[in-house]
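Heads up, the thing below is written out as structure tokens.
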Amino acid sequence: MSDIKYVAFDVHKATTSVAVLNLDGRLVTQAVIQTDASAFRDFLRGQSCAVQIAFEEKTQAGWHSSPVNA
């Protein structure tokens, strides 16, 4: 089986809490990063294997400040 990590982002307006678990469900690392795309990319690039990602975010997240027209 290949090495994989599970990354969870709890997104808020200014900061995002991140937790990384291994295949056994053990916490590998946790961090608080800025809520912006470059911070997310930098964090994910630092992982040395494939990742599965989950986001939890609400209307307080920064990218909900303006509606998207369909």
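Naming works like this for the structure tokens: A, B, ... for the chains as they're shown, residue 1 at the start of each chain, ligands 1 onward in shown order.
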
Check segment 9-69 of chain A with DSSP on the backbone and list each residue it calls strand (DSSP E), as a PDB file with N, CA, C and O atoms, in the first residue's frame.
ATOM      1  N   PHE A   9      -8.404  20.683   7.002  1.00  0.00           N
ATOM      2  CA  PHE A   9      -8.321  22.130   7.145  1.00  0.00           C
ATOM      3  C   PHE A   9      -9.603  22.627   7.810  1.00  0.00           C
ATOM      4  O   PHE A   9     -10.694  22.371   7.300  1.00  0.00           O
ATOM      5  N   ASP A  10      -9.482  23.313   8.933  1.00  0.00           N
ATOM      6  CA  ASP A  10     -10.611  23.977   9.591  1.00  0.00           C
ATOM      7  C   ASP A  10     -10.443  25.467   9.301  1.00  0.00           C
ATOM      8  O   ASP A  10      -9.646  26.149   9.937  1.00  0.00           O
ATOM      9  N   VAL A  11     -11.202  25.957   8.340  1.00  0.00           N
ATOM     10  CA  VAL A  11     -10.986  27.282   7.763  1.00  0.00           C
ATOM     11  C   VAL A  11     -11.779  28.355   8.495  1.00  0.00           C
ATOM     12  O   VAL A  11     -12.984  28.220   8.696  1.00  0.00           O
ATOM     13  N   THR A  15      -7.211  32.721   9.865  1.00  0.00           N
ATOM     14  CA  THR A  15      -6.311  31.583  10.025  1.00  0.00           C
ATOM     15  C   THR A  15      -7.056  30.274   9.780  1.00  0.00           C
ATOM     16  O   THR A  15      -8.273  30.207   9.863  1.00  0.00           O
ATOM     17  N   THR A  16      -6.275  29.234   9.514  1.00  0.00           N
ATOM     18  CA  THR A  16      -6.809  27.895   9.287  1.00  0.00           C
ATOM     19  C   THR A  16      -6.016  26.917  10.143  1.00  0.00           C
ATOM     20  O   THR A  16      -4.782  26.929  10.131  1.00  0.00           O
ATOM     21  N   SER A  17      -6.722  26.088  10.891  1.00  0.00           N
ATOM     22  CA  SER A  17      -6.078  25.028  11.670  1.00  0.00           C
ATOM     23  C   SER A  17      -5.946  23.801  10.771  1.00  0.00           C
ATOM     24  O   SER A  17      -6.896  23.431  10.075  1.00  0.00           O
ATOM     25  N   VAL A  18      -4.772  23.177  10.801  1.00  0.00           N
ATOM     26  CA  VAL A  18      -4.500  22.028   9.957  1.00  0.00           C
ATOM     27  C   VAL A  18      -4.062  20.858  10.828  1.00  0.00           C
ATOM     28  O   VAL A  18      -3.250  21.023  11.741  1.00  0.00           O
ATOM     29  N   ALA A  19      -4.596  19.687  10.535  1.00  0.00           N
ATOM     30  CA  ALA A  19      -4.161  18.456  11.200  1.00  0.00           C
ATOM     31  C   ALA A  19      -3.826  17.432  10.118  1.00  0.00           C
ATOM     32  O   ALA A  19      -4.546  17.319   9.119  1.00  0.00           O
ATOM     33  N   VAL A  20      -2.738  16.706  10.315  1.00  0.00           N
ATOM     34  CA  VAL A  20      -2.318  15.684   9.363  1.00  0.00           C
ATOM     35  C   VAL A  20      -2.258  14.353  10.097  1.00  0.00           C
ATOM     36  O   VAL A  20      -1.591  14.230  11.138  1.00  0.00           O
ATOM     37  N   LEU A  21      -2.961  13.365   9.559  1.00  0.00           N
ATOM     38  CA  LEU A  21      -2.988  12.017  10.128  1.00  0.00           C
ATOM     39  C   LEU A  21      -2.347  11.035   9.160  1.00  0.00           C
ATOM     40  O   LEU A  21      -2.424  11.217   7.941  1.00  0.00           O
ATOM     41  N   LEU A  27      -1.889  11.282  14.716  1.00  0.00           N
ATOM     42  CA  LEU A  27      -1.543  12.660  14.382  1.00  0.00           C
ATOM     43  C   LEU A  27      -0.066  12.747  14.021  1.00  0.00           C
ATOM     44  O   LEU A  27       0.796  12.379  14.816  1.00  0.00           O
ATOM     45  N   VAL A  28       0.230  13.235  12.832  1.00  0.00           N
ATOM     46  CA  VAL A  28       1.598  13.406  12.362  1.00  0.00           C
ATOM     47  C   VAL A  28       2.068  14.816  12.684  1.00  0.00           C
ATOM     48  O   VAL A  28       3.169  15.012  13.179  1.00  0.00           O
ATOM     49  N   THR A  29       1.238  15.800  12.372  1.00  0.00           N
ATOM     50  CA  THR A  29       1.570  17.192  12.638  1.00  0.00           C
ATOM     51  C   THR A  29       0.298  18.017  12.681  1.00  0.00           C
ATOM     52  O   THR A  29      -0.742  17.591  12.188  1.00  0.00           O
ATOM     53  N   GLN A  30       0.417  19.184  13.282  1.00  0.00           N
ATOM     54  CA  GLN A  30      -0.678  20.151  13.251  1.00  0.00           C
ATOM     55  C   GLN A  30      -0.071  21.540  13.172  1.00  0.00           C
ATOM     56  O   GLN A  30       1.066  21.761  13.578  1.00  0.00           O
ATOM     57  N   ALA A  31      -0.850  22.454  12.608  1.00  0.00           N
ATOM     58  CA  ALA A  31      -0.333  23.812  12.405  1.00  0.00           C
ATOM     59  C   ALA A  31      -1.495  24.783  12.295  1.00  0.00           C
ATOM     60  O   ALA A  31      -2.639  24.386  12.089  1.00  0.00           O
ATOM     61  N   VAL A  32      -1.166  26.062  12.420  1.00  0.00           N
ATOM     62  CA  VAL A  32      -2.107  27.136  12.134  1.00  0.00           C
ATOM     63  C   VAL A  32      -1.461  27.974  11.041  1.00  0.00           C
ATOM     64  O   VAL A  32      -0.323  28.424  11.192  1.00  0.00           O
ATOM     65  N   ILE A  33      -2.174  28.122   9.918  1.00  0.00           N
ATOM     66  CA  ILE A  33      -1.648  28.864   8.780  1.00  0.00           C
ATOM     67  C   ILE A  33      -2.619  29.974   8.405  1.00  0.00           C
ATOM     68  O   ILE A  33      -3.766  29.990   8.863  1.00  0.00           O
ATOM     69  N   GLN A  34      -2.173  30.899   7.560  1.00  0.00           N
ATOM     70  CA  GLN A  34      -3.042  31.960   7.077  1.00  0.00           C
ATOM     71  C   GLN A  34      -4.086  31.369   6.132  1.00  0.00           C
ATOM     72  O   GLN A  34      -3.821  30.390   5.435  1.00  0.00           O
ATOM     73  N   ALA A  50       1.324  11.301  -1.148  1.00  0.00           N
ATOM     74  CA  ALA A  50      -0.033  11.626  -1.598  1.00  0.00           C
ATOM     75  C   ALA A  50      -0.877  12.022  -0.383  1.00  0.00           C
ATOM     76  O   ALA A  50      -0.634  11.559   0.732  1.00  0.00           O
ATOM     77  N   VAL A  51      -1.843  12.907  -0.616  1.00  0.00           N
ATOM     78  CA  VAL A  51      -2.704  13.356   0.473  1.00  0.00           C
ATOM     79  C   VAL A  51      -4.172  13.260   0.074  1.00  0.00           C
ATOM     80  O   VAL A  51      -4.518  13.378  -1.095  1.00  0.00           O
ATOM     81  N   GLN A  52      -5.010  13.044   1.048  1.00  0.00           N
ATOM     82  CA  GLN A  52      -6.455  13.176   0.938  1.00  0.00           C
ATOM     83  C   GLN A  52      -6.802  14.397   1.767  1.00  0.00           C
ATOM     84  O   GLN A  52      -6.337  14.528   2.903  1.00  0.00           O
ATOM     85  N   ILE A  53      -7.626  15.295   1.232  1.00  0.00           N
ATOM     86  CA  ILE A  53      -7.877  16.574   1.884  1.00  0.00           C
ATOM     87  C   ILE A  53      -9.349  16.712   2.244  1.00  0.00           C
ATOM     88  O   ILE A  53     -10.226  16.359   1.451  1.00  0.00           O
ATOM     89  N   ALA A  54      -9.599  17.262   3.435  1.00  0.00           N
ATOM     90  CA  ALA A  54     -10.956  17.606   3.863  1.00  0.00           C
ATOM     91  C   ALA A  54     -10.959  19.043   4.361  1.00  0.00           C
ATOM     92  O   ALA A  54     -10.025  19.474   5.038  1.00  0.00           O
ATOM     93  N   PHE A  55     -11.998  19.797   3.986  1.00  0.00           N
ATOM     94  CA  PHE A  55     -12.159  21.181   4.428  1.00  0.00           C
ATOM     95  C   PHE A  55     -13.398  21.287   5.296  1.00  0.00           C
ATOM     96  O   PHE A  55     -14.434  20.706   4.979  1.00  0.00           O
ATOM     97  N   GLU A  56     -13.288  22.042   6.379  1.00  0.00           N
ATOM     98  CA  GLU A  56     -14.453  22.466   7.130  1.00  0.00           C
ATOM     99  C   GLU A  56     -14.395  23.981   7.142  1.00  0.00           C
ATOM    100  O   GLU A  56     -13.440  24.575   7.632  1.00  0.00           O
ATOM    101  N   GLU A  57     -15.403  24.607   6.549  1.00  0.00           N
ATOM    102  CA  GLU A  57     -15.412  26.062   6.508  1.00  0.00           C
ATOM    103  C   GLU A  57     -16.846  26.560   6.545  1.00  0.00           C
ATOM    104  O   GLU A  57     -17.764  25.872   6.177  1.00  0.00           O
TER     105      GLU A  57
END

Handout entry: Distance in Å - atom CA of Asp42 of chain A versus atom CA of Asn22 of chain A
Key = 19.2 Å

Step one, run DSSP on the backbone; step two, keep only residues of chain A assigned to helix (DSSP H, G or I); then write them as an mmCIF file with N, CA, C and O atoms, in the first residue's frame.
data_model
loop_
_atom_site.group_PDB
_atom_site.id
_atom_site.type_symbol
_atom_site.label_atom_id
_atom_site.label_comp_id
_atom_site.auth_asym_id
_atom_site.auth_seq_id
_atom_site.Cartn_x
_atom_site.Cartn_y
_atom_site.Cartn_z
ATOM 1 N N ALA A 37 -4.676 30.989 -0.436
ATOM 2 C CA ALA A 37 -4.307 29.880 -1.306
ATOM 3 C C ALA A 37 -2.818 29.554 -1.248
ATOM 4 O O ALA A 37 -2.439 28.383 -1.241
ATOM 5 N N SER A 38 -1.964 30.576 -1.206
ATOM 6 C CA SER A 38 -0.526 30.304 -1.213
ATOM 7 C C SER A 38 -0.086 29.572 0.058
ATOM 8 O O SER A 38 0.767 28.690 -0.002
ATOM 9 N N ALA A 39 -0.671 29.900 1.183
ATOM 10 C CA ALA A 39 -0.333 29.196 2.426
ATOM 11 C C ALA A 39 -0.777 27.737 2.358
ATOM 12 O O ALA A 39 -0.061 26.836 2.812
ATOM 13 N N PHE A 40 -1.948 27.492 1.768
ATOM 14 C CA PHE A 40 -2.433 26.116 1.614
ATOM 15 C C PHE A 40 -1.493 25.332 0.705
ATOM 16 O O PHE A 40 -1.100 24.210 1.020
ATOM 17 N N ARG A 41 -1.129 25.922 -0.438
ATOM 18 C CA ARG A 41 -0.234 25.245 -1.377
ATOM 19 C C ARG A 41 1.115 24.948 -0.736
ATOM 20 O O ARG A 41 1.643 23.837 -0.865
ATOM 21 N N ASP A 42 1.673 25.935 -0.039
ATOM 22 C CA ASP A 42 2.976 25.733 0.605
ATOM 23 C C ASP A 42 2.914 24.604 1.623
ATOM 24 O O ASP A 42 3.826 23.776 1.699
ATOM 25 N N PHE A 43 1.839 24.567 2.402
ATOM 26 C CA PHE A 43 1.708 23.509 3.400
ATOM 27 C C PHE A 43 1.624 22.146 2.717
ATOM 28 O O PHE A 43 2.310 21.201 3.110
ATOM 29 N N LEU A 44 0.805 22.036 1.682
ATOM 30 C CA LEU A 44 0.632 20.749 1.006
ATOM 31 C C LEU A 44 1.896 20.317 0.275
ATOM 32 O O LEU A 44 2.203 19.125 0.237
ATOM 33 N N ARG A 45 2.634 21.243 -0.276
ATOM 34 C CA ARG A 45 3.900 20.902 -0.941
ATOM 35 C C ARG A 45 4.901 20.335 0.055
ATOM 36 O O ARG A 45 5.807 19.579 -0.325
ATOM 37 N N GLY A 62 -12.591 33.660 4.597
ATOM 38 C CA GLY A 62 -12.339 34.852 3.803
ATOM 39 C C GLY A 62 -12.907 34.841 2.398
ATOM 40 O O GLY A 62 -13.279 35.874 1.870
ATOM 41 N N TRP A 63 -12.980 33.688 1.748
ATOM 42 C CA TRP A 63 -13.439 33.672 0.362
ATOM 43 C C TRP A 63 -14.950 33.731 0.236
ATOM 44 O O TRP A 63 -15.480 33.701 -0.847
ATOM 45 N N HIS A 64 -15.678 33.835 1.356
ATOM 46 C CA HIS A 64 -17.132 34.014 1.303
ATOM 47 C C HIS A 64 -17.528 35.470 1.347
ATOM 48 O O HIS A 64 -18.691 35.786 1.496
#

Handout entry: Gap from atom CA of Lys5 of chain A to atom CA of Leu23 of chain A - Å, one decimal
Key = 6.4 Å
